[in-house]
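> Please find input_6.txt (compact mmCIF, C-alpha atoms) on the next line:
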```
# COMPACT_ATOMS: atom_id res chain seq x y z
CA MET N 235 130.31 81.06 89.86
CA LEU N 236 126.91 82.34 90.87
CA ILE N 237 124.99 79.95 93.11
CA ASP N 238 121.27 80.24 93.68
CA GLN N 239 119.60 77.74 96.01
CA GLY N 240 122.13 74.99 95.26
CA LEU N 241 122.01 75.74 91.54
CA GLU N 242 124.94 77.19 89.62
CA LEU N 243 123.84 79.63 86.96
CA LEU N 244 125.44 78.74 83.62
CA ASP N 245 126.74 81.29 81.16
CA GLU N 246 125.46 81.40 77.61
CA ASP N 247 128.40 79.47 76.11
CA GLU N 248 127.93 76.65 78.59
CA CYS N 249 124.20 76.61 77.82
CA TRP N 250 124.77 76.29 74.07
CA ALA N 251 127.38 73.57 74.54
CA LEU N 252 124.75 71.58 76.46
CA VAL N 253 122.00 72.27 73.91
CA GLU N 254 124.28 71.26 71.04
CA GLY N 255 125.34 68.11 72.86
CA THR N 256 121.77 66.87 73.32
CA SER N 257 119.28 65.60 70.73
CA VAL N 258 115.93 65.53 72.54
CA GLY N 259 114.35 68.53 74.24
CA ARG N 260 110.93 69.82 75.11
CA VAL N 261 108.91 72.67 73.72
CA GLY N 262 106.63 74.56 76.09
CA VAL N 263 103.70 76.28 74.40
CA THR N 264 100.18 77.42 75.12
CA VAL N 265 97.36 75.44 73.54
CA ALA N 266 93.85 76.87 73.97
CA ALA N 267 95.09 79.04 76.84
CA LEU N 268 96.56 76.02 78.64
CA PRO N 269 100.23 75.17 79.01
CA ALA N 270 101.55 72.13 77.16
CA ILE N 271 104.94 70.45 76.81
CA PHE N 272 105.96 68.35 73.80
CA PRO N 273 109.20 66.37 73.52
CA VAL N 274 111.00 66.82 70.20
CA ASN N 275 114.22 65.69 68.64
CA TYR N 276 115.99 68.71 67.28
CA THR N 277 119.12 70.19 65.82
CA VAL N 278 120.82 73.57 66.11
CA LEU N 279 121.41 75.44 62.85
CA ASP N 280 122.67 79.03 62.47
CA GLY N 281 122.19 79.48 66.22
CA ALA N 282 118.51 78.52 66.11
CA VAL N 283 116.77 75.45 67.55
CA VAL N 284 115.02 73.52 64.78
CA PHE N 285 112.57 70.63 64.98
CA ARG N 286 109.96 68.94 62.80
CA THR N 287 106.28 68.57 63.44
CA ALA N 288 103.15 67.45 61.67
CA ASP N 289 101.04 69.84 59.68
CA GLY N 290 97.95 70.68 61.72
CA SER N 291 99.31 69.27 64.98
CA LYS N 292 98.82 71.14 68.24
CA LEU N 293 102.53 71.82 68.34
CA HIS N 294 102.46 73.21 64.80
CA ALA N 295 99.54 75.50 65.64
CA ALA N 296 101.10 76.64 68.89
CA SER N 297 104.49 77.30 67.32
CA GLU N 298 103.33 79.68 64.64
CA GLY N 299 104.74 83.11 65.38
CA THR N 300 104.56 82.86 69.15
CA VAL N 301 107.11 82.97 71.93
CA VAL N 302 107.87 79.46 73.14
CA VAL N 303 110.34 77.93 75.52
CA PHE N 304 112.65 75.12 74.51
CA GLU N 305 114.17 73.13 77.33
CA VAL N 306 116.83 70.45 77.60
CA ASP N 307 118.00 68.82 80.77
CA HIS N 308 119.89 65.88 82.14
CA VAL N 309 119.48 64.42 85.58
CA ASP N 310 121.22 61.50 87.20
CA ALA N 311 119.35 60.04 90.13
CA SER N 312 122.36 58.02 91.30
CA ASP N 313 124.36 61.05 92.42
CA ARG N 314 121.60 63.68 92.26
CA SER N 315 123.46 65.64 89.63
CA GLY N 316 121.79 67.50 86.84
CA TRP N 317 121.45 70.56 84.69
CA SER N 318 118.80 72.30 82.63
CA VAL N 319 118.84 74.94 79.93
CA MET N 320 115.94 77.06 78.70
CA VAL N 321 115.92 78.80 75.34
CA LEU N 322 113.20 81.41 75.05
CA GLY N 323 112.37 82.72 71.61
CA ARG N 324 109.90 83.26 68.85
CA ALA N 325 108.96 80.16 66.87
CA GLU N 326 108.11 80.21 63.20
CA VAL N 327 107.41 77.62 60.56
CA VAL N 328 110.29 77.63 58.10
CA SER N 329 109.29 78.64 54.58
CA ASP N 330 112.84 79.17 53.29
CA LEU N 331 113.57 76.12 51.13
CA GLY N 332 117.33 76.66 51.32
CA PHE N 333 117.23 76.58 55.12
CA ALA N 334 114.87 73.59 55.08
CA LEU N 335 117.22 71.60 52.85
CA ARG N 336 120.14 72.35 55.16
CA VAL N 337 118.06 71.11 58.12
CA LEU N 338 117.36 67.85 56.29
CA ASP N 339 121.01 67.55 55.24
CA ASP N 340 121.85 67.95 58.92
CA GLY N 341 120.04 64.65 59.46
CA LEU N 342 116.99 65.87 61.36
CA GLU N 343 114.49 63.06 60.95
CA PRO N 344 111.35 62.61 63.02
CA TRP N 345 111.44 59.48 65.19
CA ALA N 346 107.77 58.67 64.97
CA ASP N 347 106.14 57.39 61.81
CA GLY N 348 103.76 59.69 59.98
CA VAL N 349 104.50 62.77 57.95
CA ARG N 350 106.15 65.65 59.82
CA ALA N 351 106.29 68.11 56.99
CA ARG N 352 106.73 71.27 59.02
CA ILE N 353 110.07 72.56 60.16
CA VAL N 354 109.86 74.94 63.10
CA ARG N 355 112.70 77.30 63.96
CA ILE N 356 113.04 78.95 67.37
CA THR N 357 115.13 82.12 67.18
CA PRO N 358 116.67 82.52 70.63
CA GLU N 359 116.13 85.70 72.56
CA LEU N 360 117.12 84.55 76.05
CA VAL N 361 119.14 81.51 77.08
CA THR N 362 119.47 80.51 80.71
CA GLY N 363 120.81 77.43 82.43
CA ARG N 364 121.31 75.97 85.86
CA ARG N 365 123.35 73.09 87.21
CA ILE N 366 122.98 71.32 90.54
CA VAL N 367 126.06 71.79 92.73
CA HIS N 368 126.72 69.99 95.99
CA GLY N 369 129.12 71.11 98.59
CA MET F 154 94.68 51.33 69.86
CA LEU F 155 94.29 54.85 68.51
CA ILE F 156 97.20 55.97 66.34
CA ASP F 157 97.79 59.62 65.49
CA GLN F 158 100.77 60.49 63.27
CA GLY F 159 102.80 57.48 64.44
CA LEU F 160 101.85 58.08 68.07
CA GLU F 161 99.66 55.71 70.06
CA LEU F 162 97.35 57.57 72.43
CA LEU F 163 97.64 56.09 75.92
CA ASP F 164 94.71 55.59 78.24
CA GLU F 165 94.65 57.16 81.68
CA ASP F 166 95.74 54.01 83.53
CA GLU F 167 98.77 53.65 81.27
CA CYS F 168 99.59 57.32 81.80
CA TRP F 169 99.51 57.01 85.58
CA ALA F 170 101.60 53.84 85.53
CA LEU F 171 104.26 55.78 83.61
CA VAL F 172 104.04 58.82 85.90
CA GLU F 173 104.30 56.62 88.98
CA GLY F 174 107.25 54.75 87.53
CA THR F 175 109.29 57.91 86.93
CA SER F 176 110.93 60.26 89.43
CA VAL F 177 111.87 63.35 87.42
CA GLY F 178 109.43 65.41 85.38
CA ARG F 179 109.01 68.94 84.17
CA VAL F 180 106.62 71.66 85.17
CA GLY F 181 105.46 74.09 82.50
CA VAL F 182 104.33 77.45 83.82
CA THR F 183 104.06 81.05 82.76
CA VAL F 184 106.53 83.51 84.30
CA ALA F 185 105.97 87.19 83.51
CA ALA F 186 103.77 86.22 80.56
CA LEU F 187 106.51 83.97 79.12
CA PRO F 188 106.52 80.18 79.09
CA ALA F 189 109.04 78.39 81.27
CA ILE F 190 109.88 74.75 82.01
CA PHE F 191 111.49 73.56 85.25
CA PRO F 192 112.65 70.00 85.91
CA VAL F 193 111.58 68.63 89.30
CA ASN F 194 111.85 65.39 91.16
CA TYR F 195 108.41 64.45 92.37
CA THR F 196 106.17 61.87 93.91
CA VAL F 197 102.51 60.94 93.47
CA LEU F 198 100.34 61.05 96.58
CA ASP F 199 96.56 60.67 96.71
CA GLY F 200 96.47 60.90 92.93
CA ALA F 201 98.24 64.27 92.87
CA VAL F 202 101.71 65.15 91.59
CA VAL F 203 103.80 66.67 94.39
CA PHE F 204 107.18 68.40 94.27
CA ARG F 205 109.26 70.74 96.39
CA THR F 206 110.49 74.18 95.53
CA ALA F 207 112.19 77.13 97.18
CA ASP F 208 110.20 79.90 98.80
CA GLY F 209 110.22 82.89 96.50
CA SER F 210 111.51 80.98 93.46
CA LYS F 211 110.02 81.60 90.03
CA LEU F 212 108.53 78.13 90.14
CA HIS F 213 106.95 78.80 93.52
CA ALA F 214 105.44 82.07 92.31
CA ALA F 215 104.19 80.55 89.09
CA SER F 216 102.68 77.52 90.81
CA GLU F 217 100.45 79.40 93.21
CA GLY F 218 96.86 78.72 92.26
CA THR F 219 97.40 78.52 88.51
CA VAL F 220 96.89 75.82 85.93
CA VAL F 221 100.22 74.22 85.08
CA VAL F 222 101.31 71.27 83.01
CA PHE F 223 103.44 68.49 84.42
CA GLU F 224 105.22 66.33 81.88
CA VAL F 225 107.24 63.13 82.02
CA ASP F 226 108.77 61.36 79.08
CA HIS F 227 111.29 58.75 78.11
CA VAL F 228 113.04 58.54 74.79
CA ASP F 229 115.57 56.05 73.53
CA ALA F 230 117.61 57.30 70.61
CA SER F 231 118.96 53.82 69.83
CA ASP F 232 115.63 52.46 68.59
CA ARG F 233 113.71 55.74 68.34
CA SER F 234 111.20 54.60 70.92
CA GLY F 235 109.61 56.87 73.42
CA TRP F 236 106.55 58.06 75.28
CA SER F 237 105.34 61.19 77.01
CA VAL F 238 102.58 61.97 79.47
CA MET F 239 101.10 65.37 80.31
CA VAL F 240 99.17 66.06 83.51
CA LEU F 241 97.24 69.30 83.39
CA GLY F 242 95.94 70.70 86.63
CA ARG F 243 95.78 73.45 89.16
CA ALA F 244 98.85 73.85 91.33
CA GLU F 245 98.76 75.00 94.91
CA VAL F 246 101.25 75.34 97.70
CA VAL F 247 100.41 72.75 100.35
CA SER F 248 99.42 74.25 103.69
CA ASP F 249 98.00 71.04 105.16
CA LEU F 250 100.63 69.82 107.63
CA GLY F 251 99.30 66.28 107.62
CA PHE F 252 99.66 66.04 103.87
CA ALA F 253 103.10 67.67 104.01
CA LEU F 254 104.33 65.13 106.55
CA ARG F 255 103.08 62.27 104.39
CA VAL F 256 104.98 63.75 101.43
CA LEU F 257 108.17 63.86 103.48
CA ASP F 258 107.56 60.34 104.79
CA ASP F 259 107.23 59.31 101.15
CA GLY F 260 110.89 60.29 100.78
CA LEU F 261 110.53 63.35 98.59
CA GLU F 262 113.81 65.20 99.05
CA PRO F 263 115.09 67.96 96.79
CA TRP F 264 118.26 67.00 94.92
CA ALA F 265 119.86 70.41 94.94
CA ASP F 266 121.27 71.96 98.10
CA GLY F 267 119.45 74.95 99.55
CA VAL F 268 116.16 75.09 101.35
CA ARG F 269 113.11 73.98 99.38
CA ALA F 270 110.50 74.63 101.98
CA ARG F 271 107.46 74.74 99.74
CA ILE F 272 105.54 71.67 98.72
CA VAL F 273 103.48 72.14 95.58
CA ARG F 274 100.59 69.84 94.72
CA ILE F 275 99.14 69.57 91.21
CA THR F 276 95.58 68.26 91.28
CA PRO F 277 95.08 66.55 87.91
CA GLU F 278 92.23 67.61 85.67
CA LEU F 279 93.37 66.10 82.38
CA VAL F 280 95.92 63.37 81.76
CA THR F 281 97.07 62.53 78.25
CA GLY F 282 99.87 60.39 76.90
CA ARG F 283 101.42 59.29 73.66
CA ARG F 284 103.84 56.55 72.70
CA ILE F 285 105.86 56.25 69.50
CA VAL F 286 104.85 53.18 67.51
CA HIS F 287 106.63 51.86 64.47
CA GLY F 288 104.63 49.69 62.21
```
Re-express the file's structure as structure tokens.

Amino acid sequence: MLIDQGLELLDEDECWALVEGTSVGRVGVTVAALPAIFPVNYTVLDGAVVFRTADGSKLHAASEGTVVVFEVDHVDASDRSGWSVMVLGRAEVVSDLGFALRVLDDGLEPWADGVRARIVRITPELVTGRRIVHG
Amino acid sequence: MLIDQGLELLDEDECWALVEGTSVGRVGVTVAALPAIFPVNYTVLDGAVVFRTADGSKLHAASEGTVVVFEVDHVDASDRSGWSVMVLGRAEVVSDLGFALRVLDDGLEPWADGVRARIVRITPELVTGRRIVHG
């Protein structure tokens, strides 16, 4: 177990177990040369992180063919425990109807009202995670 | 009330009330030309977002004099409610001892073990927020 400044570094399997066990994460992108973070509900399909967004939204624009970071975390203030996982990868708007239908069959529905007709897929290139350890 | 794709746009006072009522957020930075997101526990002092980090950490390096985004959110899967606030601003490592002492007096302690000797202050330039509305 590798410890760095009170944080245990998680291996890739642990990271994916945490990502697959969570339903809301955050996408970090650059919008007009400025960093931005958008929460999304998501699913994992064929090893990729998939979420929906609105056509023409900032997130849609920023996700088109660029490297983004997807992050999930959980923190518990009561005992100061917590973990976080970052998935770094190229994002692309899904144009493959077969894949899109499988995403919808997987039950990925946007939580907000309004049309979110774009499905974005992040193909992971680097997955890293850290967990707070005390002791 | 301005609605955009099922999201109500929050005014600045609402945004700050949400930021001040939360204790864990995420900092979005660029590390080696790649986006990264780090969860932090934080406080608000003199209208700035303040958190601690370890000397020499990626977050410390990325926070030095650059524009970063700080994000807080809350989502509730049970009724698909949620909100998020982004604070965009320049981050700097605090060198003012008086300010640093006030931060510590404010009770800002890192949750992980290990020394987190740097205090980073984000001076807000733009604050935006959105809340899911169903209607």
> Determine, counting all atoms listed in the file, which protein, DNA and RNA residues have an atom within 12 Å of an atom of F:Asp164; residues of the same chain fewer than 4 positions away are not included. Present the result as a list of chain:residue names.
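Final neighbour list, sorted by chain and number: F:Met154, F:Leu155, F:Cys168, F:Trp169, F:Ala170, F:Leu171, F:Val238, F:Met239, F:Leu279, F:Val280, F:Thr281, F:Gly282, F:Arg283, F:Arg284.
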> May I ask you to extract the residues of chain N within 7 Å of chain F, using only C-alpha atoms, and to give them as a ChimeraX atom specification?
/N:239-241,262-263,269-271,302-303,305,314,345-349,366-368
> What's the separation between atom CA of F:Ala215 and atom CA of F:Leu198, in Å to one decimal place?
21.2 Å
